[in-house]
Every structure is written in C-alpha cells, then in structure tokens.
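Undergrad: The structure is given below, and queries will be raised subsequently.
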Amino acid sequence: MSSTTISNPVAGPLTGPATVTYTVTVTEAGGCTSTATATINVGQPLSVTASASRTAQYCQNGTATNTLTAAITGGGSPYTYLWSDGSTTNPTTVTCPVGINTYTVTVTDACGNTATASQTINVDDTMPP
C-alpha cells in the first residue's frame with residue numbers, strides 16, 4: 001500500500017503466522033503531515049484433530065464407553081466444542097453401541113473460526129480369538 005492516490009486502500013489477505021506493519025502518512029493542502037502506524041499480528045489458522053482412547057473394542061453387553069479428545073493448534077482461545085452427540089466438553093465420554101460409530105467435533109475459536117475433525121470407533125460384540 002504505497003500509492004498516494006488510493007482513497008480507501010485495502011490490504012490483501014494474510015496467512016499466519018505473520019506480523020505486518022502499515023504506515024499511513026497524510027499531507028494536508030498546507031503541507032503539514034501526520035503519520036500513524038498499525039501493526040497486525042496474524043496467528044496460526046485453527047486446526048483440530050480428534051482421537052479416541054480406543055478405536056476398536058470388544059463389548060459383551062452391547063455398548064462400550066470411550067473417551068474422545070480434540071487436539072487444537074492455532075486459532076485463539078477460548079475455544080468451544082460441539083461433538084456430534086451434543087456434548088460440549090473436551091475431552092468427552094461417549095457410550096458407543098455395537099457397530100461402527102463416527103463422532104465429529106466442531107471447534108470454534110474466540111474469533112469465530114471453526115475447524116472440524118472426526119473419529120471412528122468400531123465396537124464388536126463377537127468374542128475376539
């Protein structure tokens with residue numbers, strides 16, 4: 001942004017992490033000038049991975065308890081969590097029925113950015129060999 005004729009300059013998108021300083025100098029008709037600077041820090045983009053305490057398990061009574069965890073990088077805290085079963089805690093405990101169960105977590109950071117990840121858990125009621 002070095003043009004002297006742009007009435008409403010717009011900077012291009014930044015990807016993090018980055019620090020950019022913008023300087024604006026205004027000169028009035030009488031020759032007096034005023035300068036201001038603004039420094040913008042852009043952090044890492046929000047990213048999430050989901051994991052389970054066990055991804056395959058045997059369960060004789062038809063359900064199995066498992067712990068799901070969302071691991072976050074980037075973004076800005078505080079974070080909110082919404083798992084596909086309605087839970088809003090991290091980690092969260094789920095009771096899985098027999099079969100293949102997929103759980104999805106959506107994480108939202110303080111700026112409203114979201115990231116989503118899924119974890120599949122296979123619960124089998126057949127006795128392992």
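How things are named: the first chain in the structure tokens is A, the next is B, and so on; residues count from 1 in each chain; ligands count from 1 in the order shown.
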Give one line per residue of region 80-113 of chain A that approaches region 55-62 of chain A to at most 9 Å, naming the two atoms of the closest pair and their distance in Å to one decimal, counting only C-alpha atoms; sort by chain then ascending residue number and deliver it as CSV.
TA:
residue,atom,partner,partner_atom,distance
A:Cys96,CA,A:Gly62,CA,8.4
A:Pro97,CA,A:Gly62,CA,5.9
A:Val98,CA,A:Gly62,CA,5.5
Undergrad: Which residues come within 7 Å of Val94 (chain A), counting only C-alpha atoms, excluding same-chain residues fewer than 5 positions away, as a PyMOL selection string?
TA: chain A and resi 65-67
Undergrad: Quick one: distance from CA of Gly74 (chain A) to CA of Thr39 (chain A) in Å, one decimal?
TA: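 For CA of Gly74 (chain A) relative to CA of Thr39 (chain A), the distance reads 19.6 Å.
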Undergrad: Using only C-alpha atoms, which of A:Val24, A:Ala71, A:Ala50, A:Val123 sits nearest Tyr103 (chain A)?
TA: A:Ala50
Undergrad: Using DSSP secondary structure from the backbone, list all strand (DSSP E or B) positions within region 12-102 of chain A, as an MDAnalysis selection string.
TA: chainID A and resid 18:27 33:42 47:52 56:58 63:73 80:83 92:97 99:102
